[in-house]
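Have a look at coords.cif; it's mmCIF, C-alpha atoms:
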data_coords
#
loop_
_atom_site.label_atom_id
_atom_site.label_comp_id
_atom_site.auth_asym_id
_atom_site.auth_seq_id
_atom_site.Cartn_x
_atom_site.Cartn_y
_atom_site.Cartn_z
CA MET J 1 -146.15 -73.04 162.75
CA SER J 2 -144.46 -70.93 160.13
CA ARG J 3 -141.26 -72.23 158.57
CA ALA J 4 -139.25 -69.41 160.11
CA LEU J 5 -140.14 -70.53 163.65
CA ASP J 6 -139.81 -74.25 163.02
CA PRO J 7 -136.70 -75.42 164.97
CA ARG J 8 -136.22 -78.20 162.41
CA GLY J 9 -135.71 -75.70 159.59
CA TRP J 10 -132.49 -73.71 159.15
CA PRO J 11 -134.03 -70.29 159.89
CA GLY J 12 -135.37 -71.64 163.17
CA ARG J 13 -132.01 -73.14 164.09
CA ALA J 14 -130.23 -69.88 163.29
CA LEU J 15 -132.74 -67.97 165.41
CA LEU J 16 -132.20 -70.35 168.31
CA ALA J 17 -128.43 -70.07 168.00
CA ALA J 18 -128.63 -66.28 167.87
CA SER J 19 -130.89 -66.18 170.93
CA ALA J 20 -128.50 -68.41 172.85
CA LEU J 21 -125.57 -66.17 171.93
CA LEU J 22 -127.48 -63.08 173.02
CA LEU J 23 -128.06 -64.66 176.44
CA TRP J 24 -124.33 -65.35 176.64
CA ALA J 25 -123.42 -61.66 176.70
CA PRO J 26 -120.33 -60.83 178.75
CA PRO J 27 -120.43 -57.75 180.96
CA GLY J 28 -119.89 -54.39 179.28
CA GLN J 29 -116.78 -52.62 180.52
CA ALA J 30 -116.86 -49.63 178.26
CA HIS J 31 -116.17 -46.10 179.37
CA VAL J 32 -118.88 -44.50 177.34
CA GLU J 33 -117.99 -41.02 176.18
CA ALA J 34 -121.42 -39.60 176.80
CA GLY J 35 -122.54 -36.45 175.07
CA GLN J 36 -120.23 -36.64 172.05
CA ALA J 37 -122.80 -37.02 169.29
CA ALA J 38 -125.35 -35.05 171.31
CA GLY J 39 -122.92 -32.14 171.50
CA PHE J 40 -122.55 -32.10 167.72
CA LEU J 41 -126.27 -32.36 167.13
CA ALA J 42 -126.98 -29.63 169.69
CA GLY J 43 -124.47 -27.42 167.87
CA VAL J 44 -126.11 -28.11 164.51
CA ALA J 45 -129.60 -27.59 165.87
CA HIS J 46 -128.91 -24.38 167.75
CA PRO J 47 -128.45 -21.96 164.82
CA ILE J 48 -131.37 -23.39 162.88
CA SER J 49 -133.71 -23.35 165.86
CA GLY J 50 -133.87 -19.55 166.01
CA LEU J 51 -135.59 -17.77 163.13
CA ASP J 52 -133.64 -14.55 163.79
CA HIS J 53 -130.32 -16.31 163.26
CA VAL J 54 -131.57 -18.29 160.26
CA LEU J 55 -132.90 -15.26 158.41
CA ALA J 56 -129.84 -13.13 159.12
CA MET J 57 -127.44 -15.86 157.96
CA ILE J 58 -129.40 -16.50 154.77
CA ALA J 59 -129.57 -12.75 154.16
CA VAL J 60 -125.77 -12.58 154.39
CA GLY J 61 -125.59 -15.18 151.62
CA LEU J 62 -128.24 -13.43 149.52
CA TRP J 63 -126.47 -10.09 149.83
CA GLY J 64 -123.13 -11.64 148.94
CA ALA J 65 -124.66 -13.22 145.83
CA GLN J 66 -126.16 -9.88 144.82
CA LEU J 67 -122.83 -8.10 145.27
CA GLY J 68 -120.97 -10.71 143.22
CA MET J 69 -117.22 -11.36 143.36
CA PRO J 70 -115.41 -11.06 145.70
CA ALA J 71 -118.10 -10.38 148.31
CA VAL J 72 -119.91 -13.61 147.45
CA TRP J 73 -117.09 -15.61 148.99
CA MET J 74 -115.54 -13.04 151.28
CA LEU J 75 -118.63 -12.75 153.47
CA PRO J 76 -118.99 -16.50 154.12
CA VAL J 77 -115.22 -16.72 154.78
CA THR J 78 -115.15 -13.76 157.15
CA PHE J 79 -118.41 -14.17 159.00
CA PRO J 80 -117.77 -17.49 160.81
CA MET J 81 -114.48 -16.25 162.22
CA ILE J 82 -115.90 -12.96 163.48
CA MET J 83 -118.99 -14.73 164.79
CA ALA J 84 -116.74 -17.13 166.69
CA LEU J 85 -114.81 -14.16 168.04
CA GLY J 86 -118.11 -12.87 169.41
CA GLY J 87 -118.78 -16.29 170.88
CA MET J 88 -115.34 -16.31 172.50
CA LEU J 89 -115.95 -12.87 174.02
CA GLY J 90 -119.22 -14.13 175.46
CA LEU J 91 -117.58 -17.24 176.86
CA ILE J 92 -114.78 -15.39 178.63
CA GLY J 93 -117.32 -13.05 180.15
CA VAL J 94 -116.97 -9.86 178.11
CA PRO J 95 -120.42 -8.27 178.24
CA LEU J 96 -122.14 -7.01 175.11
CA PRO J 97 -125.19 -4.86 175.78
CA GLY J 98 -128.31 -5.23 173.65
CA VAL J 99 -127.40 -8.56 172.09
CA GLU J 100 -130.97 -9.55 171.19
CA LEU J 101 -131.66 -6.09 169.84
CA GLY J 102 -128.46 -6.23 167.80
CA ILE J 103 -129.52 -9.52 166.23
CA ALA J 104 -132.96 -8.13 165.40
CA VAL J 105 -131.45 -4.97 163.89
CA SER J 106 -129.09 -7.14 161.84
CA ALA J 107 -132.08 -8.83 160.22
CA ILE J 108 -133.61 -5.43 159.41
CA LEU J 109 -130.46 -3.92 157.93
CA LEU J 110 -129.41 -7.02 156.02
CA GLY J 111 -132.96 -7.42 154.69
CA LEU J 112 -133.07 -3.78 153.60
CA ALA J 113 -129.64 -4.13 151.98
CA VAL J 114 -130.92 -7.08 149.92
CA MET J 115 -134.21 -5.36 149.13
CA SER J 116 -132.53 -2.18 147.91
CA GLU J 117 -129.56 -3.97 146.31
CA LEU J 118 -127.29 -1.75 148.34
CA ARG J 119 -123.69 -1.73 147.07
CA PRO J 120 -121.30 -0.23 149.61
CA SER J 121 -117.54 -0.72 149.37
CA LEU J 122 -116.21 -4.18 150.13
CA THR J 123 -114.57 -2.96 153.33
CA ALA J 124 -117.81 -1.40 154.57
CA THR J 125 -119.76 -4.55 153.69
CA VAL J 126 -117.37 -6.82 155.56
CA ALA J 127 -117.31 -4.42 158.54
CA VAL J 128 -121.11 -4.30 158.79
CA VAL J 129 -121.54 -8.05 158.44
CA GLY J 130 -118.69 -8.64 160.88
CA LEU J 131 -120.27 -6.35 163.47
CA PHE J 132 -123.50 -8.33 163.25
CA GLY J 133 -121.49 -11.54 163.45
CA ILE J 134 -120.21 -10.53 166.89
CA PHE J 135 -123.78 -10.17 168.15
CA HIS J 136 -124.85 -13.52 166.69
CA GLY J 137 -121.80 -15.31 168.07
CA HIS J 138 -122.13 -13.71 171.50
CA ALA J 139 -125.74 -14.79 171.77
CA HIS J 140 -125.67 -18.23 170.23
CA GLY J 141 -122.17 -19.64 170.49
CA THR J 142 -122.17 -19.92 174.26
CA GLU J 143 -125.20 -22.04 174.97
CA LEU J 144 -123.71 -25.51 175.37
CA PRO J 145 -126.09 -27.92 177.09
CA PRO J 146 -124.48 -29.42 180.21
CA GLY J 147 -122.50 -32.64 179.83
CA GLN J 148 -121.87 -32.30 176.12
CA SER J 149 -118.67 -31.91 174.15
CA ALA J 150 -117.64 -28.27 173.66
CA LEU J 151 -115.54 -29.20 170.62
CA LEU J 152 -118.30 -31.05 168.81
CA TYR J 153 -120.86 -28.40 169.79
CA SER J 154 -118.57 -25.79 168.23
CA VAL J 155 -118.08 -27.92 165.11
CA GLY J 156 -121.84 -28.37 164.70
CA PHE J 157 -122.56 -24.72 165.36
CA VAL J 158 -120.04 -23.45 162.80
CA ILE J 159 -121.09 -26.00 160.16
CA ALA J 160 -124.78 -25.17 160.54
CA THR J 161 -124.09 -21.45 160.26
CA GLY J 162 -121.91 -22.01 157.21
CA VAL J 163 -124.57 -24.14 155.57
CA LEU J 164 -127.10 -21.35 156.11
CA HIS J 165 -124.74 -18.97 154.31
CA GLY J 166 -124.39 -21.52 151.54
CA VAL J 167 -128.17 -21.76 151.20
CA GLY J 168 -128.32 -17.97 150.96
CA VAL J 169 -125.60 -17.85 148.30
CA ALA J 170 -127.18 -20.71 146.32
CA VAL J 171 -130.61 -19.05 146.35
CA GLY J 172 -129.00 -15.69 145.61
CA LEU J 173 -127.49 -16.98 142.38
CA VAL J 174 -130.91 -16.47 140.75
CA HIS J 175 -129.89 -12.81 140.83
CA GLY J 176 -128.66 -13.21 137.26
CA ARG J 177 -132.21 -13.64 135.94
CA PRO J 178 -134.76 -10.79 135.77
CA TRP J 179 -137.38 -12.68 137.78
CA GLY J 180 -134.69 -13.80 140.21
CA ARG J 181 -133.63 -10.26 140.86
CA ARG J 182 -137.18 -9.29 141.78
CA LEU J 183 -137.54 -12.42 143.88
CA LEU J 184 -134.44 -11.54 145.89
CA ARG J 185 -135.69 -8.02 146.55
CA VAL J 186 -138.98 -9.44 147.81
CA ALA J 187 -137.08 -11.91 150.00
CA GLY J 188 -135.01 -9.05 151.39
CA GLY J 189 -138.19 -7.20 152.24
CA GLY J 190 -139.47 -10.29 154.01
CA VAL J 191 -136.30 -10.56 156.10
CA ALA J 192 -136.49 -6.88 157.03
CA ALA J 193 -140.17 -7.24 158.03
CA ALA J 194 -139.28 -10.20 160.21
CA GLY J 195 -136.49 -8.10 161.70
CA PHE J 196 -139.00 -5.46 162.80
CA TRP J 197 -140.98 -8.20 164.51
CA PHE J 198 -137.80 -9.39 166.26
CA VAL J 199 -137.15 -5.83 167.46
CA TRP J 200 -140.70 -5.55 168.80
CA ARG J 201 -140.25 -8.89 170.57
CA ALA J 202 -136.87 -7.82 172.01
CA VAL J 203 -138.09 -4.54 173.47
CA ALA J 204 -141.57 -5.69 174.50
CA MET E 1 -127.14 -84.88 145.49
CA ARG E 2 -129.14 -81.71 145.03
CA ALA E 3 -129.41 -81.25 148.78
CA ALA E 4 -125.68 -80.70 149.40
CA PRO E 5 -125.36 -77.12 148.10
CA LYS E 6 -128.58 -76.17 149.88
CA ARG E 7 -127.25 -77.63 153.12
CA ALA E 8 -123.96 -75.76 152.76
CA GLY E 9 -125.86 -72.53 152.13
CA GLU E 10 -128.00 -73.07 155.20
CA ILE E 11 -124.93 -73.64 157.36
CA ALA E 12 -123.19 -70.57 155.97
CA ILE E 13 -126.21 -68.32 156.51
CA GLY E 14 -126.88 -69.78 159.95
CA SER E 15 -123.25 -69.28 160.95
CA GLY E 16 -123.34 -65.72 159.65
CA VAL E 17 -126.44 -64.87 161.65
CA ALA E 18 -124.92 -66.46 164.75
CA LEU E 19 -121.67 -64.52 164.32
CA LEU E 20 -123.52 -61.24 163.81
CA ALA E 21 -125.64 -61.88 166.88
CA GLY E 22 -122.69 -63.03 168.98
CA PRO E 23 -121.84 -60.29 171.45
CA THR E 24 -118.30 -59.42 172.37
CA GLY E 25 -117.08 -57.69 175.47
CA ALA E 26 -117.22 -53.90 175.27
CA ASP E 27 -113.87 -53.16 176.86
CA ALA E 28 -112.91 -50.04 174.96
CA HIS E 29 -111.68 -46.94 176.64
CA LEU E 30 -111.71 -45.10 173.37
CA VAL E 31 -111.95 -47.33 170.34
CA THR E 32 -111.12 -50.98 169.93
CA SER E 33 -110.97 -52.09 166.33
CA GLY E 34 -110.51 -55.75 167.20
CA LEU E 35 -107.59 -55.86 164.79
CA GLY E 36 -104.78 -55.08 167.21
CA PRO E 37 -103.08 -51.97 168.58
CA VAL E 38 -101.86 -50.63 165.22
CA TYR E 39 -105.41 -50.43 163.90
CA ASP E 40 -106.62 -49.17 167.28
CA GLY E 41 -104.19 -46.28 166.95
CA LEU E 42 -105.24 -45.67 163.35
CA LEU E 43 -108.89 -45.59 164.31
CA HIS E 44 -108.13 -43.50 167.38
CA LEU E 45 -106.88 -40.65 165.21
CA LEU E 46 -109.77 -40.85 162.79
CA VAL E 47 -112.41 -40.64 165.53
CA THR E 48 -110.63 -37.99 167.62
CA PRO E 49 -111.70 -34.61 166.26
CA GLU E 50 -109.07 -32.82 168.37
CA ASN E 51 -106.34 -34.37 166.23
CA LEU E 52 -108.30 -34.93 163.04
CA ILE E 53 -109.19 -31.25 162.52
CA GLY E 54 -105.59 -30.15 163.05
CA VAL E 55 -104.28 -32.64 160.48
CA VAL E 56 -106.95 -31.65 157.96
CA ALA E 57 -106.16 -27.96 158.50
CA LEU E 58 -102.47 -28.50 157.77
CA ALA E 59 -103.27 -30.66 154.75
CA LEU E 60 -105.58 -27.95 153.39
CA LEU E 61 -102.88 -25.34 153.88
CA ALA E 62 -100.18 -27.47 152.28
CA GLY E 63 -102.37 -28.52 149.36
CA ALA E 64 -103.51 -24.96 148.73
CA ARG E 65 -99.89 -23.81 148.49
CA GLY E 66 -98.99 -26.42 145.88
CA VAL E 67 -97.26 -29.70 145.22
CA VAL E 68 -93.91 -28.88 146.87
CA HIS E 69 -95.56 -27.75 150.11
CA GLY E 70 -97.88 -30.75 150.03
CA ARG E 71 -94.98 -33.18 149.69
CA ARG E 72 -93.08 -31.48 152.49
CA ALA E 73 -96.07 -31.69 154.84
CA LEU E 74 -96.68 -35.29 153.84
CA PHE E 75 -93.33 -36.40 155.25
CA VAL E 76 -92.58 -33.84 157.96
CA LEU E 77 -95.91 -34.05 159.79
CA PRO E 78 -95.94 -37.84 160.33
CA ALA E 79 -92.23 -37.84 161.30
CA ALA E 80 -92.76 -35.06 163.85
CA TRP E 81 -95.93 -36.79 165.04
CA MET E 82 -93.91 -39.93 165.72
CA VAL E 83 -91.25 -38.01 167.66
CA GLY E 84 -93.84 -36.10 169.70
CA GLY E 85 -95.80 -39.29 170.29
CA ILE E 86 -92.75 -41.15 171.61
CA VAL E 87 -92.08 -38.30 174.03
CA GLY E 88 -95.72 -38.34 175.09
CA LEU E 89 -95.66 -42.09 175.62
CA ALA E 90 -92.48 -41.85 177.68
CA VAL E 91 -93.55 -38.91 179.80
CA HIS E 92 -97.31 -39.43 180.16
CA GLY E 93 -97.27 -35.96 181.61
CA ARG E 94 -99.87 -33.28 181.84
CA VAL E 95 -101.25 -32.09 178.55
CA SER E 96 -102.22 -28.54 177.79
CA LEU E 97 -105.31 -28.51 175.64
CA ALA E 98 -104.69 -24.87 174.69
CA LEU E 99 -102.45 -26.11 171.87
CA MET E 100 -105.39 -27.59 170.00
CA PRO E 101 -107.52 -24.42 169.56
CA LEU E 102 -104.43 -22.32 168.93
CA SER E 103 -103.39 -24.61 166.09
CA PHE E 104 -106.92 -24.48 164.66
CA VAL E 105 -106.96 -20.67 164.72
CA LEU E 106 -103.48 -20.36 163.20
CA LEU E 107 -103.80 -22.96 160.45
CA GLY E 108 -107.47 -22.24 159.68
CA GLY E 109 -106.76 -18.51 159.54
CA LEU E 110 -103.85 -19.07 157.13
CA VAL E 111 -106.06 -21.21 154.87
CA ALA E 112 -108.91 -18.68 154.96
CA ALA E 113 -106.60 -15.77 154.20
CA ASP E 114 -104.86 -17.78 151.45
CA VAL E 115 -101.51 -16.60 152.77
CA ARG E 116 -98.44 -17.39 150.66
CA LEU E 117 -95.85 -19.31 152.67
CA SER E 118 -92.33 -20.41 151.90
CA VAL E 119 -91.51 -24.10 152.03
CA SER E 120 -89.42 -23.57 155.14
CA VAL E 121 -92.35 -21.96 156.99
CA MET E 122 -94.54 -24.83 155.85
CA THR E 123 -91.96 -27.27 157.21
CA ALA E 124 -91.84 -25.45 160.53
CA LEU E 125 -95.63 -25.44 160.84
CA ALA E 126 -95.84 -29.16 160.04
CA ALA E 127 -93.09 -29.93 162.54
CA LEU E 128 -94.72 -27.87 165.30
CA LEU E 129 -98.14 -29.36 164.71
CA GLY E 130 -96.73 -32.86 164.55
CA LEU E 131 -94.69 -32.48 167.72
CA GLY E 132 -97.56 -30.90 169.66
CA HIS E 133 -100.43 -33.10 168.56
CA GLY E 134 -98.20 -36.19 168.52
CA TYR E 135 -97.30 -35.48 172.13
CA LEU E 136 -101.00 -35.15 173.02
CA ASP E 137 -101.72 -38.36 171.14
CA GLY E 138 -98.94 -40.30 172.88
CA ALA E 139 -99.67 -38.91 176.32
CA THR E 140 -103.28 -40.01 176.13
CA MET E 141 -102.48 -43.56 174.99
CA ASP E 142 -102.30 -44.88 178.51
CA GLN E 143 -104.22 -48.10 177.97
CA PRO E 144 -102.44 -51.38 178.48
CA GLY E 145 -101.51 -53.03 175.21
CA LEU E 146 -101.37 -49.82 173.22
CA GLY E 147 -98.15 -47.82 173.20
CA ALA E 148 -95.71 -47.73 170.31
CA SER E 149 -97.78 -49.94 168.02
CA ALA E 150 -100.83 -47.75 168.44
CA LEU E 151 -98.70 -44.69 167.83
CA LEU E 152 -97.51 -46.26 164.60
CA GLY E 153 -101.13 -46.66 163.58
CA SER E 154 -101.82 -43.00 164.35
CA VAL E 155 -98.81 -41.93 162.30
CA ALA E 156 -100.00 -44.07 159.39
CA ALA E 157 -103.42 -42.43 159.63
CA VAL E 158 -101.77 -38.98 159.62
CA PHE E 159 -99.76 -39.91 156.52
CA GLY E 160 -102.80 -41.25 154.70
CA LEU E 161 -104.99 -38.32 155.65
CA VAL E 162 -102.44 -35.72 154.56
CA ALA E 163 -101.77 -37.60 151.32
CA LEU E 164 -105.46 -37.80 150.39
CA THR E 165 -106.47 -34.30 151.49
CA ALA E 166 -103.45 -32.41 150.21
CA SER E 167 -103.46 -34.20 146.85
CA LEU E 168 -107.12 -33.32 146.41
CA VAL E 169 -106.62 -29.68 147.39
CA VAL E 170 -103.59 -29.30 145.07
CA THR E 171 -106.00 -29.71 142.16
CA LEU E 172 -108.39 -27.06 143.52
CA GLN E 173 -106.47 -23.93 142.66
CA THR E 174 -109.11 -21.74 141.03
CA GLY E 175 -112.79 -20.84 141.10
CA TRP E 176 -115.40 -22.15 143.48
CA PRO E 177 -113.42 -25.21 144.63
CA ARG E 178 -110.69 -22.88 145.87
CA ILE E 179 -113.30 -20.80 147.70
CA VAL E 180 -114.65 -23.94 149.36
CA VAL E 181 -111.15 -24.67 150.68
CA ARG E 182 -110.90 -21.17 152.12
CA VAL E 183 -114.35 -21.43 153.68
CA ALA E 184 -113.28 -24.71 155.28
CA GLY E 185 -110.27 -22.89 156.70
CA SER E 186 -112.48 -20.17 158.15
CA TRP E 187 -114.69 -22.80 159.77
CA ILE E 188 -111.64 -24.44 161.39
CA ALA E 189 -110.43 -21.06 162.68
CA ALA E 190 -113.93 -20.32 164.01
CA ILE E 191 -114.02 -23.66 165.84
CA GLY E 192 -110.64 -22.82 167.36
CA LEU E 193 -111.83 -19.41 168.54
CA LEU E 194 -114.89 -20.92 170.19
CA LEU E 195 -112.71 -23.55 171.86
CA LEU E 196 -110.40 -20.86 173.19
CA GLY E 197 -113.47 -19.26 174.72
CA TRP E 198 -114.55 -22.55 176.27
CA GLY E 199 -111.03 -23.04 177.65
CA PHE E 200 -110.74 -19.60 179.21
CA ARG E 201 -114.29 -19.04 180.36
CA PRO E 202 -114.68 -18.19 184.02
CA GLY E 203 -114.90 -21.35 186.11
CA ALA E 204 -113.48 -23.61 183.39
#
Using the file provided, produce a representation of the structure as structure tokens.
Amino acid sequence: MSRALDPRGWPGRALLAASALLLWAPPGQAHVEAGQAAGFLAGVAHPISGLDHVLAMIAVGLWGAQLGMPAVWMLPVTFPMIMALGGMLGLIGVPLPGVELGIAVSAILLGLAVMSELRPSLTATVAVVGLFGIFHGHAHGTELPPGQSALLYSVGFVIATGVLHGVGVAVGLVHGRPWGRRLLRVAGGGVAAAGFWFVWRAVA
Amino acid sequence: MRAAPKRAGEIAIGSGVALLAGPTGADAHLVTSGLGPVYDGLLHLLVTPENLIGVVALALLAGARGVVHGRRALFVLPAAWMVGGIVGLAVHGRVSLALMPLSFVLLGGLVAADVRLSVSVMTALAALLGLGHGYLDGATMDQPGLGASALLGSVAAVFGLVALTASLVVTLQTGWPRIVVRVAGSWIAAIGLLLLGWGFRPGA
């Protein structure tokens, strides 16, 4: 017999005492708030589970980094609010035609903007990104799995989307280097190409 | 003589294992700290995102506006929370959950937009938030043994949270840290917008 299982040794005695205490468990009377953590995790997982949303969000960050101040922070500040507005419209039943197509087109246009280093005015940039945000929010912000917390789902959803923007901005900061600039343009082309595939999938 | 310390160590470790393994009754409705109603109330606020996000939003706003606003929020919010909580405890009436998302949208939007506010407006916002959320907090403390002591714990948590958050944000007045604060505000506003949608969706 190993020393750990020997009831004459202290580890064995402790194990016996612990086992006895486990058997002495009083009844559980908790009102378990089911679905709390699951709601948060579902909210975090939802934006990153769809490639269309992931690429578009990262492209927003890349474009903001290319444009520099103040777009680099204005886009990530504006987008979540307008996206949530789209989600709210979807939740209260305001229809938005062509949502999937709108998301696919957003990937194309944002990808092309990064690829061509497009520099419209700040107002136009925010307006374009905001318009796409409504489509993304309408499609993705409303899909709460049954029995889960709406608040924590919303928290997870917004955080995940914001983190995707942050990833885009962080990667986009290589724009200051010559090789980084070329890399970003290639990445933009990749996002646009994926967008065409999303369009084909949406209309097929 | 050499055996005595070893024996004492064995007893200490054995007792520790037994205590860790010893189950206690799970009788929580929300959270039971095991340290009494004051700590239950303190913990209740920290694990209730409905209240936590509102307090953080106000602390971000107050800290972003400077030391004077931060100090005003530090004392007005807990005082108003206490008043609202006492009313909630006394009335135990119906609670309108619309207040929560509206406060998120308002405060988060103000942080994101970096709006300049006078101290009197800051005071009014802190008082309104404290009265409203304090009322919600008090009205939902309907467990036996909670009540005024638990409310005191919640108020202490509000004070501590505002003190820590606002004092941190006061130092983040320029550059990227300031942008992070504004992004956090936009996330809070986005969460509020989504919650408004959840609240007003057909069939809710």
Practice problem: Please provide the set of residues having any atom within 6 Å of Ser149 of chain E, restricted to all atoms listed in the file, with same-chain residues fewer than 2 positions apart removed, written as a list of chain:residue names. | Solution: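 In the requested format, the answer is E:Pro37, E:Val38, E:Gly147, E:Leu151, E:Leu152.
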Take the residues from that selection and write them out as a PDB file, in the coordinates of the input, keeping C-alpha atoms.
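File selection_8.pdb, as written:
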ATOM      1  CA  PRO E  37    -103.080 -51.970 168.580  1.00  0.00           C
ATOM      2  CA  VAL E  38    -101.860 -50.630 165.220  1.00  0.00           C
ATOM      3  CA  GLY E 147     -98.150 -47.820 173.200  1.00  0.00           C
ATOM      4  CA  LEU E 151     -98.700 -44.690 167.830  1.00  0.00           C
ATOM      5  CA  LEU E 152     -97.510 -46.260 164.600  1.00  0.00           C
TER       6      LEU E 152
END
Just the residues within 9 Å of segment 191-198 of chain J, please, counting only C-alpha atoms, with nothing from its chain fewer than 2 positions along; format it as a PyMOL selection string. chain J and resi 51-52+55-56+59+100-101+103-115+186-189+200-203
Practice prompt. Could you tell me which of J:Ala204, J:Leu41, J:Val199, J:Val94 comes closest to Ile134 of chain J if we count only C-alpha atoms?
Written response: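 Once distances to Ile134 of chain J are computed over only C-alpha atoms, the minimum belongs to J:Val94.
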- Query: Which residues come within 12 Å of Leu161 of chain E, counting only C-alpha atoms, excluding same-chain residues fewer than 6 positions away, as a ChimeraX atom specification?
  - Reply: /E:42-43,45-46,51-60,63,70,73-75,77-78,154-155,167-168
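Atom pair atom CA of Phe135 of chain J / atom CA of Gly98 of chain J has a distance of 8.7 Å (rounded to one decimal).
Closest to chain E among J:Gly176, J:Pro70, J:Gly64, J:Pro120 is J:Pro70, based on all atoms listed in the file.
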Take the PyMOL selection byres ((chain E and resi 103) around 10), apply it to the structure above, and return the hits as a VMD selection string. chain E and resid 53 to 55 57 to 58 98 to 102 104 to 109 125 128 to 129 132 to 133 188 to 189 192
Quick one: write out the picked residues with C-alpha atoms as a tab-separated table (two decimals), in the coordinates of the input?
chain	number	residue	atom	x	y	z
E	53	ILE	CA	-109.19	-31.25	162.52
E	54	GLY	CA	-105.59	-30.15	163.05
E	55	VAL	CA	-104.28	-32.64	160.48
E	57	ALA	CA	-106.16	-27.96	158.50
E	58	LEU	CA	-102.47	-28.50	157.77
E	98	ALA	CA	-104.69	-24.87	174.69
E	99	LEU	CA	-102.45	-26.11	171.87
E	100	MET	CA	-105.39	-27.59	170.00
E	101	PRO	CA	-107.52	-24.42	169.56
E	102	LEU	CA	-104.43	-22.32	168.93
E	104	PHE	CA	-106.92	-24.48	164.66
E	105	VAL	CA	-106.96	-20.67	164.72
E	106	LEU	CA	-103.48	-20.36	163.20
E	107	LEU	CA	-103.80	-22.96	160.45
E	108	GLY	CA	-107.47	-22.24	159.68
E	109	GLY	CA	-106.76	-18.51	159.54
E	125	LEU	CA	-95.63	-25.44	160.84
E	128	LEU	CA	-94.72	-27.87	165.30
E	129	LEU	CA	-98.14	-29.36	164.71
E	132	GLY	CA	-97.56	-30.90	169.66
E	133	HIS	CA	-100.43	-33.10	168.56
E	188	ILE	CA	-111.64	-24.44	161.39
E	189	ALA	CA	-110.43	-21.06	162.68
E	192	GLY	CA	-110.64	-22.82	167.36
request  = Calculate how many Å separate atom CA of Ala166 of chain E from atom CA of His69 of chain E, rounding to one decimal.
outcome  =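 That distance, rounded to one decimal, is 9.2 Å.
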Quiz item: Neighbours of segment 79-86 of chain J within 8 Å (only C-alpha atoms; same-chain residues fewer than 2 positions away dropped), as a ChimeraX atom specification?
Solution: /J:75-77,88-90,129-138,141,158,161-162 /E:186-187,189-191,193-194
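Atom CA of Val174 of chain J lies 28.2 Å from atom CA of Gly156 of chain J.
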Chain E proximity check over J:Thr78, J:Gln66, J:Ser121, J:Ser116, using all atoms listed in the file: winner is J:Thr78
Original post:
Expanded to explicit residues, what is the PyMOL selection byres ((chain E and resi 179) around 10) for this file, as a list in words?
Top reply: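 For this structure, the PyMOL selection byres ((chain E and resi 179) around 10) captures Val72, Trp73, Met74, Pro76 and Val77 of chain J; Ala112, Asp114, Leu172, Gln173, Thr174, Gly175, Trp176, Pro177, Arg178, Val180, Val181, Arg182, Val183, Ala184 and Gly185 of chain E.
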Got a sec to resolve the PyMOL selection byres ((chain E and resi 82) around 8) on this structure and send the residues as an mmCIF file with C-alpha atoms, keeping the file's coordinate frame?
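Just written: out11.cif:
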data_model
loop_
_atom_site.group_PDB
_atom_site.id
_atom_site.type_symbol
_atom_site.label_atom_id
_atom_site.label_comp_id
_atom_site.auth_asym_id
_atom_site.auth_seq_id
_atom_site.Cartn_x
_atom_site.Cartn_y
_atom_site.Cartn_z
ATOM 1 C CA PRO E 78 -95.940 -37.840 160.330
ATOM 2 C CA ALA E 79 -92.230 -37.840 161.300
ATOM 3 C CA ALA E 80 -92.760 -35.060 163.850
ATOM 4 C CA TRP E 81 -95.930 -36.790 165.040
ATOM 5 C CA VAL E 83 -91.250 -38.010 167.660
ATOM 6 C CA GLY E 84 -93.840 -36.100 169.700
ATOM 7 C CA GLY E 85 -95.800 -39.290 170.290
ATOM 8 C CA ILE E 86 -92.750 -41.150 171.610
ATOM 9 C CA GLY E 130 -96.730 -32.860 164.550
ATOM 10 C CA LEU E 131 -94.690 -32.480 167.720
ATOM 11 C CA GLY E 134 -98.200 -36.190 168.520
ATOM 12 C CA LEU E 151 -98.700 -44.690 167.830
ATOM 13 C CA LEU E 152 -97.510 -46.260 164.600
ATOM 14 C CA VAL E 155 -98.810 -41.930 162.300
#
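Distance annotation: of J:Gly102, J:Gly93, J:Pro47, J:Gly172, the residue with the minimal separation from chain E is J:Gly93; atom set is all atoms listed in the file.
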Please determine, counting only C-alpha atoms, which residue among E:Val119, E:Val162, E:Met141, E:Ala150 has the shortest atom-to-atom distance to Val68 of chain E.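 Nearest candidate to Val68 of chain E out of E:Val119, E:Val162, E:Met141, E:Ala150: E:Val119.
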